Amino acid sequence: MAAPLKDASKLDIWKSSRPIAPTFSDPLEHRAFLKFRLAQAYRIFGKYGYDEGVAGHITVRDPIRPDCYWVNPWGVHFKLIQPEDLLLVDHGGKIQENESGPSRWLNRAAYMIHSAVHEARPDAICAAHSHTTYAKAFSALGIPLDPLTQDSCAFYEDHTLYSQFRGIVDDREEGLAIANALGSKKAVILQNHGILVATKSIESTVFFFISLEKCCKVQMVVDQAATARGLKPRLIDPASAVQTWERLGSEMGGWFNGIPEFQLLEHEEGKRFEYVPAP
């Protein structure tokens, strides 16, 4: 009986000493921070090669106007995105003129998908979708991830499959269908398309997106190796998968794991968030 108490004590110590997400009393400062973070997220995606022409998008819900979200202007490379470039868009697809950046090109597919997700999921602060290599390849199989590794357990019973492809998303019904497929989960595999991740923070969305892309690669490698050897992959048992998900798959776990990506970017760029109130 002593071991569980010891483990619980270690967990309590970890919880009390871990970093916490910043909070803001000034909504304008909060907005500025989220725009800064979102632009960073785009540049991180660009660094990993998650761009595919003008496809792909990350959005964050505005803290002042929760019926609107920030998104990149269409046609600007992820590596070039800065806070001042971002567009503020409402759920009807209308660009907010006073707050938005100079380029007013809005990706229609981004609007159709992300507006539906943000509208259906008030808890989802950030959503990311792109056509990454391994996610595209794995999505063509039309199956969900198996609990093959510790990392894939972060998505155990917390991702789903949208098993249809009707071409480029250019109507509201398709966006709503994707949002409905996502449901309350944090990720959805879009068959023949890619992946979408939606969570309560930019940091956790970025981390889980990167991790899901890697998990798609690992599963295909495992399946290929198992077939070559005439074996079946050994899956993690449900109880262990759930226990692992509780630590790695939580919002806090995603946020904590995502922070180093932003730390590294800030080190590489020499640029950190500084709030300068408007005169």
# chains A, B, ... in the order shown; residues from 1 in each chain; ligands from 1
$ closest_atom_pairs --of "region 66-89 of chain A" --to "region 107-110 of chain A" --cutoff "9 Å" --atoms "only C-alpha atoms" --output "CSV"
residue,atom,partner,partner_atom,distance
A:Val71,CA,A:Ala110,CA,8.3
A:Asn72,CA,A:Asn107,CA,8.5
A:Pro73,CA,A:Asn107,CA,7.3
A:Trp74,CA,A:Asn107,CA,5.2
A:Gly75,CA,A:Asn107,CA,8.4
$ residues_around --residues "Tyr275 (chain A)" --least-positions-apart "5" --cutoff "8 Å" --atoms "only C-alpha atoms" --output "PyMOL selection string"
chain A and resi 29+32-33
$ atom_distance --atom1 "CA of Ser152 (chain A)" --atom2 "CA of Leu38 (chain A)"
25.2 Å
$ select_by_dssp --residues "region 68-213 of chain A" --states "helix (DSSP H, G or I)" --output "count of residues only"
53
$ residues_around --residues "Val206 (chain A)" --least-positions-apart "3" --cutoff "12 Å" --atoms "only C-alpha atoms" --output "ChimeraX atom specification"
/A:37-46,48,50,57-60,126-130,186-187,196-203,209-213,251,254-262
$ closest_residue --among "A:Leu34, A:Leu182, A:Leu148, A:Val242" --to "Met220 (chain A)" --atoms "only C-alpha atoms"
A:Leu148
$ select_by_dssp --residues "region 7-195 of chain A" --states "strand (DSSP E)" --output "PyMOL selection string"
chain A and resi 57-61+68-71+87-90+126-130+159-162+187-190+194-195
$ closest_residue --among "A:Ala181, A:Ile143, A:Arg272, A:Val76" --to "Phe36 (chain A)" --atoms "only C-alpha atoms"
A:Arg272
$ residues_around --residues "region 131-141 of chain A" --least-positions-apart "5" --cutoff "9 Å" --atoms "only C-alpha atoms" --output "PDB file with all heavy atoms, in the first residue's frame"
ATOM      1  N   GLY A  49       8.189  22.103 -42.101  1.00  0.00           N
ATOM      2  CA  GLY A  49       7.766  21.776 -43.457  1.00  0.00           C
ATOM      3  C   GLY A  49       6.312  21.377 -43.556  1.00  0.00           C
ATOM      4  O   GLY A  49       5.927  20.577 -44.413  1.00  0.00           O
ATOM      5  N   TYR A  50       5.486  21.928 -42.693  1.00  0.00           N
ATOM      6  CA  TYR A  50       4.066  21.593 -42.681  1.00  0.00           C
ATOM      7  C   TYR A  50       3.259  22.445 -43.661  1.00  0.00           C
ATOM      8  O   TYR A  50       2.032  22.437 -43.632  1.00  0.00           O
ATOM      9  CB  TYR A  50       3.497  21.764 -41.274  1.00  0.00           C
ATOM     10  CG  TYR A  50       3.965  20.727 -40.277  1.00  0.00           C
ATOM     11  CD1 TYR A  50       3.661  20.852 -38.923  1.00  0.00           C
ATOM     12  CD2 TYR A  50       4.714  19.628 -40.679  1.00  0.00           C
ATOM     13  CE1 TYR A  50       4.081  19.902 -38.000  1.00  0.00           C
ATOM     14  CE2 TYR A  50       5.140  18.683 -39.767  1.00  0.00           C
ATOM     15  CZ  TYR A  50       4.819  18.829 -38.429  1.00  0.00           C
ATOM     16  OH  TYR A  50       5.229  17.883 -37.516  1.00  0.00           O
ATOM     17  N   ASP A  51       3.948  23.178 -44.506  1.00  0.00           N
ATOM     18  CA  ASP A  51       3.254  23.961 -45.529  1.00  0.00           C
ATOM     19  C   ASP A  51       3.061  23.108 -46.776  1.00  0.00           C
ATOM     20  O   ASP A  51       3.808  22.169 -47.033  1.00  0.00           O
ATOM     21  CB  ASP A  51       4.081  25.199 -45.884  1.00  0.00           C
ATOM     22  CG  ASP A  51       5.487  24.823 -46.339  1.00  0.00           C
ATOM     23  OD1 ASP A  51       6.235  24.242 -45.527  1.00  0.00           O
ATOM     24  OD2 ASP A  51       5.834  25.071 -47.509  1.00  0.00           O
ATOM     25  N   GLU A  52       2.048  23.415 -47.524  1.00  0.00           N
ATOM     26  CA  GLU A  52       1.764  22.742 -48.805  1.00  0.00           C
ATOM     27  C   GLU A  52       1.141  23.785 -49.713  1.00  0.00           C
ATOM     28  O   GLU A  52      -0.078  23.899 -49.815  1.00  0.00           O
ATOM     29  CB  GLU A  52       0.820  21.556 -48.589  1.00  0.00           C
ATOM     30  CG  GLU A  52       0.527  20.745 -49.857  1.00  0.00           C
ATOM     31  CD  GLU A  52       1.689  19.844 -50.268  1.00  0.00           C
ATOM     32  OE1 GLU A  52       2.507  19.508 -49.404  1.00  0.00           O
ATOM     33  OE2 GLU A  52       1.757  19.501 -51.462  1.00  0.00           O
ATOM     34  N   ALA A  55      -2.141  25.763 -48.710  1.00  0.00           N
ATOM     35  CA  ALA A  55      -3.018  24.957 -47.857  1.00  0.00           C
ATOM     36  C   ALA A  55      -2.519  24.984 -46.413  1.00  0.00           C
ATOM     37  O   ALA A  55      -1.344  25.213 -46.149  1.00  0.00           O
ATOM     38  CB  ALA A  55      -3.075  23.512 -48.367  1.00  0.00           C
ATOM     39  N   GLY A  56      -3.423  24.728 -45.488  1.00  0.00           N
ATOM     40  CA  GLY A  56      -3.079  24.655 -44.073  1.00  0.00           C
ATOM     41  C   GLY A  56      -3.411  25.941 -43.352  1.00  0.00           C
ATOM     42  O   GLY A  56      -3.296  27.040 -43.909  1.00  0.00           O
ATOM     43  N   LEU A 161     -12.165   9.588 -36.690  1.00  0.00           N
ATOM     44  CA  LEU A 161     -11.914   9.506 -38.130  1.00  0.00           C
ATOM     45  C   LEU A 161     -13.081  10.105 -38.900  1.00  0.00           C
ATOM     46  O   LEU A 161     -14.238   9.791 -38.623  1.00  0.00           O
ATOM     47  CB  LEU A 161     -11.717   8.033 -38.535  1.00  0.00           C
ATOM     48  CG  LEU A 161     -11.564   7.735 -40.026  1.00  0.00           C
ATOM     49  CD1 LEU A 161     -10.237   8.268 -40.539  1.00  0.00           C
ATOM     50  CD2 LEU A 161     -11.649   6.221 -40.268  1.00  0.00           C
ATOM     51  N   SER A 163     -14.392   9.733 -42.307  1.00  0.00           N
ATOM     52  CA  SER A 163     -14.131   8.735 -43.354  1.00  0.00           C
ATOM     53  C   SER A 163     -14.754   9.071 -44.700  1.00  0.00           C
ATOM     54  O   SER A 163     -15.281   8.205 -45.393  1.00  0.00           O
ATOM     55  CB  SER A 163     -14.624   7.357 -42.889  1.00  0.00           C
ATOM     56  OG  SER A 163     -15.999   7.417 -42.562  1.00  0.00           O
ATOM     57  N   ILE A 189      -8.707  12.496 -37.848  1.00  0.00           N
ATOM     58  CA  ILE A 189      -7.987  12.128 -39.060  1.00  0.00           C
ATOM     59  C   ILE A 189      -8.952  12.275 -40.226  1.00  0.00           C
ATOM     60  O   ILE A 189     -10.007  11.638 -40.242  1.00  0.00           O
ATOM     61  CB  ILE A 189      -7.455  10.685 -38.969  1.00  0.00           C
ATOM     62  CG1 ILE A 189      -6.430  10.573 -37.836  1.00  0.00           C
ATOM     63  CG2 ILE A 189      -6.832  10.250 -40.297  1.00  0.00           C
ATOM     64  CD1 ILE A 189      -5.995   9.152 -37.527  1.00  0.00           C
ATOM     65  N   LEU A 190      -8.627  13.126 -41.173  1.00  0.00           N
ATOM     66  CA  LEU A 190      -9.482  13.400 -42.321  1.00  0.00           C
ATOM     67  C   LEU A 190      -9.041  12.497 -43.473  1.00  0.00           C
ATOM     68  O   LEU A 190      -7.962  12.694 -44.040  1.00  0.00           O
ATOM     69  CB  LEU A 190      -9.378  14.875 -42.725  1.00  0.00           C
ATOM     70  CG  LEU A 190      -9.598  15.903 -41.598  1.00  0.00           C
ATOM     71  CD1 LEU A 190      -9.339  17.307 -42.098  1.00  0.00           C
ATOM     72  CD2 LEU A 190     -11.001  15.772 -41.019  1.00  0.00           C
ATOM     73  N   GLN A 191      -9.872  11.531 -43.798  1.00  0.00           N
ATOM     74  CA  GLN A 191      -9.486  10.523 -44.784  1.00  0.00           C
ATOM     75  C   GLN A 191      -9.078  11.150 -46.111  1.00  0.00           C
ATOM     76  O   GLN A 191      -9.761  12.046 -46.615  1.00  0.00           O
ATOM     77  CB  GLN A 191     -10.647   9.546 -45.011  1.00  0.00           C
ATOM     78  CG  GLN A 191     -10.294   8.372 -45.913  1.00  0.00           C
ATOM     79  CD  GLN A 191     -11.421   7.353 -45.950  1.00  0.00           C
ATOM     80  OE1 GLN A 191     -11.788   6.757 -44.951  1.00  0.00           O
ATOM     81  NE2 GLN A 191     -12.016   7.190 -47.129  1.00  0.00           N
ATOM     82  N   ASN A 192      -7.951  10.696 -46.665  1.00  0.00           N
ATOM     83  CA  ASN A 192      -7.407  11.195 -47.933  1.00  0.00           C
ATOM     84  C   ASN A 192      -7.092  12.688 -47.906  1.00  0.00           C
ATOM     85  O   ASN A 192      -7.032  13.330 -48.946  1.00  0.00           O
ATOM     86  CB  ASN A 192      -8.373  10.912 -49.087  1.00  0.00           C
ATOM     87  CG  ASN A 192      -8.804   9.467 -49.162  1.00  0.00           C
ATOM     88  OD1 ASN A 192      -9.958   9.150 -48.823  1.00  0.00           O
ATOM     89  ND2 ASN A 192      -7.916   8.582 -49.565  1.00  0.00           N
ATOM     90  N   HIS A 193      -6.857  13.230 -46.716  1.00  0.00           N
ATOM     91  CA  HIS A 193      -6.755  14.684 -46.588  1.00  0.00           C
ATOM     92  C   HIS A 193      -5.627  15.102 -45.642  1.00  0.00           C
ATOM     93  O   HIS A 193      -4.703  15.799 -46.041  1.00  0.00           O
ATOM     94  CB  HIS A 193      -8.107  15.230 -46.104  1.00  0.00           C
ATOM     95  CG  HIS A 193      -8.242  16.705 -46.151  1.00  0.00           C
ATOM     96  ND1 HIS A 193      -9.435  17.356 -45.920  1.00  0.00           N
ATOM     97  CD2 HIS A 193      -7.343  17.690 -46.382  1.00  0.00           C
ATOM     98  CE1 HIS A 193      -9.267  18.656 -46.018  1.00  0.00           C
ATOM     99  NE2 HIS A 193      -8.001  18.890 -46.295  1.00  0.00           N
ATOM    100  N   GLY A 194      -5.680  14.673 -44.382  1.00  0.00           N
ATOM    101  CA  GLY A 194      -4.704  15.099 -43.389  1.00  0.00           C
ATOM    102  C   GLY A 194      -5.266  14.977 -41.993  1.00  0.00           C
ATOM    103  O   GLY A 194      -6.106  14.111 -41.718  1.00  0.00           O
ATOM    104  N   ILE A 195      -4.845  15.849 -41.094  1.00  0.00           N
ATOM    105  CA  ILE A 195      -5.310  15.814 -39.715  1.00  0.00           C
ATOM    106  C   ILE A 195      -5.725  17.201 -39.257  1.00  0.00           C
ATOM    107  O   ILE A 195      -5.296  18.219 -39.807  1.00  0.00           O
ATOM    108  CB  ILE A 195      -4.228  15.270 -38.757  1.00  0.00           C
ATOM    109  CG1 ILE A 195      -2.915  16.055 -38.901  1.00  0.00           C
ATOM    110  CG2 ILE A 195      -4.008  13.775 -38.986  1.00  0.00           C
ATOM    111  CD1 ILE A 195      -1.831  15.639 -37.921  1.00  0.00           C
ATOM    112  N   LEU A 212       0.969  13.900 -33.425  1.00  0.00           N
ATOM    113  CA  LEU A 212       0.085  13.057 -34.228  1.00  0.00           C
ATOM    114  C   LEU A 212       0.704  12.759 -35.589  1.00  0.00           C
ATOM    115  O   LEU A 212       0.601  11.635 -36.093  1.00  0.00           O
ATOM    116  CB  LEU A 212      -1.283  13.738 -34.393  1.00  0.00           C
ATOM    117  CG  LEU A 212      -2.368  12.946 -35.138  1.00  0.00           C
ATOM    118  CD1 LEU A 212      -2.563  11.557 -34.530  1.00  0.00           C
ATOM    119  CD2 LEU A 212      -3.683  13.719 -35.131  1.00  0.00           C
ATOM    120  N   GLU A 213       1.361  13.745 -36.179  1.00  0.00           N
ATOM    121  CA  GLU A 213       2.063  13.514 -37.441  1.00  0.00           C
ATOM    122  C   GLU A 213       3.119  12.417 -37.261  1.00  0.00           C
ATOM    123  O   GLU A 213       3.248  11.503 -38.092  1.00  0.00           O
ATOM    124  CB  GLU A 213       2.702  14.823 -37.922  1.00  0.00           C
ATOM    125  CG  GLU A 213       3.745  14.683 -39.019  1.00  0.00           C
ATOM    126  CD  GLU A 213       3.190  14.358 -40.396  1.00  0.00           C
ATOM    127  OE1 GLU A 213       1.970  14.138 -40.531  1.00  0.00           O
ATOM    128  OE2 GLU A 213       3.999  14.318 -41.352  1.00  0.00           O
ATOM    129  N   LYS A 214       3.875  12.479 -36.167  1.00  0.00           N
ATOM    130  CA  LYS A 214       4.892  11.466 -35.897  1.00  0.00           C
ATOM    131  C   LYS A 214       4.264  10.092 -35.638  1.00  0.00           C
ATOM    132  O   LYS A 214       4.795   9.064 -36.070  1.00  0.00           O
ATOM    133  CB  LYS A 214       5.740  11.886 -34.707  1.00  0.00           C
ATOM    134  CG  LYS A 214       6.643  13.082 -34.962  1.00  0.00           C
ATOM    135  CD  LYS A 214       7.421  13.458 -33.708  1.00  0.00           C
ATOM    136  CE  LYS A 214       8.353  14.634 -33.960  1.00  0.00           C
ATOM    137  NZ  LYS A 214       9.071  15.042 -32.723  1.00  0.00           N
ATOM    138  N   CYS A 215       3.144  10.080 -34.917  1.00  0.00           N
ATOM    139  CA  CYS A 215       2.475   8.808 -34.615  1.00  0.00           C
ATOM    140  C   CYS A 215       1.963   8.137 -35.885  1.00  0.00           C
ATOM    141  O   CYS A 215       1.987   6.905 -35.998  1.00  0.00           O
ATOM    142  CB  CYS A 215       1.328   9.033 -33.637  1.00  0.00           C
ATOM    143  SG  CYS A 215       1.856   9.385 -31.944  1.00  0.00           S
ATOM    144  N   CYS A 216       1.500   8.939 -36.837  1.00  0.00           N
ATOM    145  CA  CYS A 216       1.072   8.386 -38.120  1.00  0.00           C
ATOM    146  C   CYS A 216       2.256   7.713 -38.818  1.00  0.00           C
ATOM    147  O   CYS A 216       2.117   6.613 -39.373  1.00  0.00           O
ATOM    148  CB  CYS A 216       0.503   9.491 -39.016  1.00  0.00           C
ATOM    149  SG  CYS A 216      -1.111  10.125 -38.502  1.00  0.00           S
ATOM    150  N   LYS A 217       3.418   8.347 -38.763  1.00  0.00           N
ATOM    151  CA  LYS A 217       4.620   7.767 -39.372  1.00  0.00           C
ATOM    152  C   LYS A 217       4.998   6.467 -38.677  1.00  0.00           C
ATOM    153  O   LYS A 217       5.275   5.448 -39.331  1.00  0.00           O
ATOM    154  CB  LYS A 217       5.774   8.761 -39.294  1.00  0.00           C
ATOM    155  CG  LYS A 217       7.077   8.222 -39.870  1.00  0.00           C
ATOM    156  CD  LYS A 217       8.199   9.244 -39.751  1.00  0.00           C
ATOM    157  CE  LYS A 217       9.499   8.699 -40.347  1.00  0.00           C
ATOM    158  NZ  LYS A 217      10.601   9.700 -40.241  1.00  0.00           N
ATOM    159  N   GLN A 219       3.174   4.385 -36.929  1.00  0.00           N
ATOM    160  CA  GLN A 219       2.263   3.267 -37.170  1.00  0.00           C
ATOM    161  C   GLN A 219       2.511   2.633 -38.534  1.00  0.00           C
ATOM    162  O   GLN A 219       2.482   1.408 -38.666  1.00  0.00           O
ATOM    163  CB  GLN A 219       0.804   3.708 -37.064  1.00  0.00           C
ATOM    164  CG  GLN A 219      -0.175   2.593 -37.417  1.00  0.00           C
ATOM    165  CD  GLN A 219      -1.381   2.521 -36.532  1.00  0.00           C
ATOM    166  OE1 GLN A 219      -1.519   3.261 -35.561  1.00  0.00           O
ATOM    167  NE2 GLN A 219      -2.287   1.623 -36.847  1.00  0.00           N
ATOM    168  N   MET A 220       2.765   3.444 -39.549  1.00  0.00           N
ATOM    169  CA  MET A 220       3.027   2.876 -40.868  1.00  0.00           C
ATOM    170  C   MET A 220       4.338   2.085 -40.882  1.00  0.00           C
ATOM    171  O   MET A 220       4.433   1.035 -41.518  1.00  0.00           O
ATOM    172  CB  MET A 220       3.039   3.985 -41.924  1.00  0.00           C
ATOM    173  CG  MET A 220       1.648   4.561 -42.180  1.00  0.00           C
ATOM    174  SD  MET A 220       1.584   5.682 -43.595  1.00  0.00           S
ATOM    175  CE  MET A 220       2.577   7.042 -42.997  1.00  0.00           C
TER     176      MET A 220
END
$ residues_around --residues "Lys35 (chain A)" --least-positions-apart "4" --cutoff "9 Å" --atoms "only C-alpha atoms" --output "ChimeraX atom specification"
/A:30-31,39-40,60,62,70,82-84,86
$ atom_distance --atom1 "CA of Pro144 (chain A)" --atom2 "CA of Thr205 (chain A)"
18.8 Å
$ atom_distance --atom1 "CA of Leu248 (chain A)" --atom2 "CA of Ala154 (chain A)"
5.2 Å
$ closest_residue --among "A:Leu87, A:Ala21, A:Val188, A:Gln224" --to "Met252 (chain A)" --atoms "only C-alpha atoms"
A:Ala21
$ residues_around --residues "region 225-238 of chain A" --least-positions-apart "6" --cutoff "8 Å" --atoms "only C-alpha atoms" --output "list in words"
Asp146, Pro147, Leu148 and Thr149 of chain A
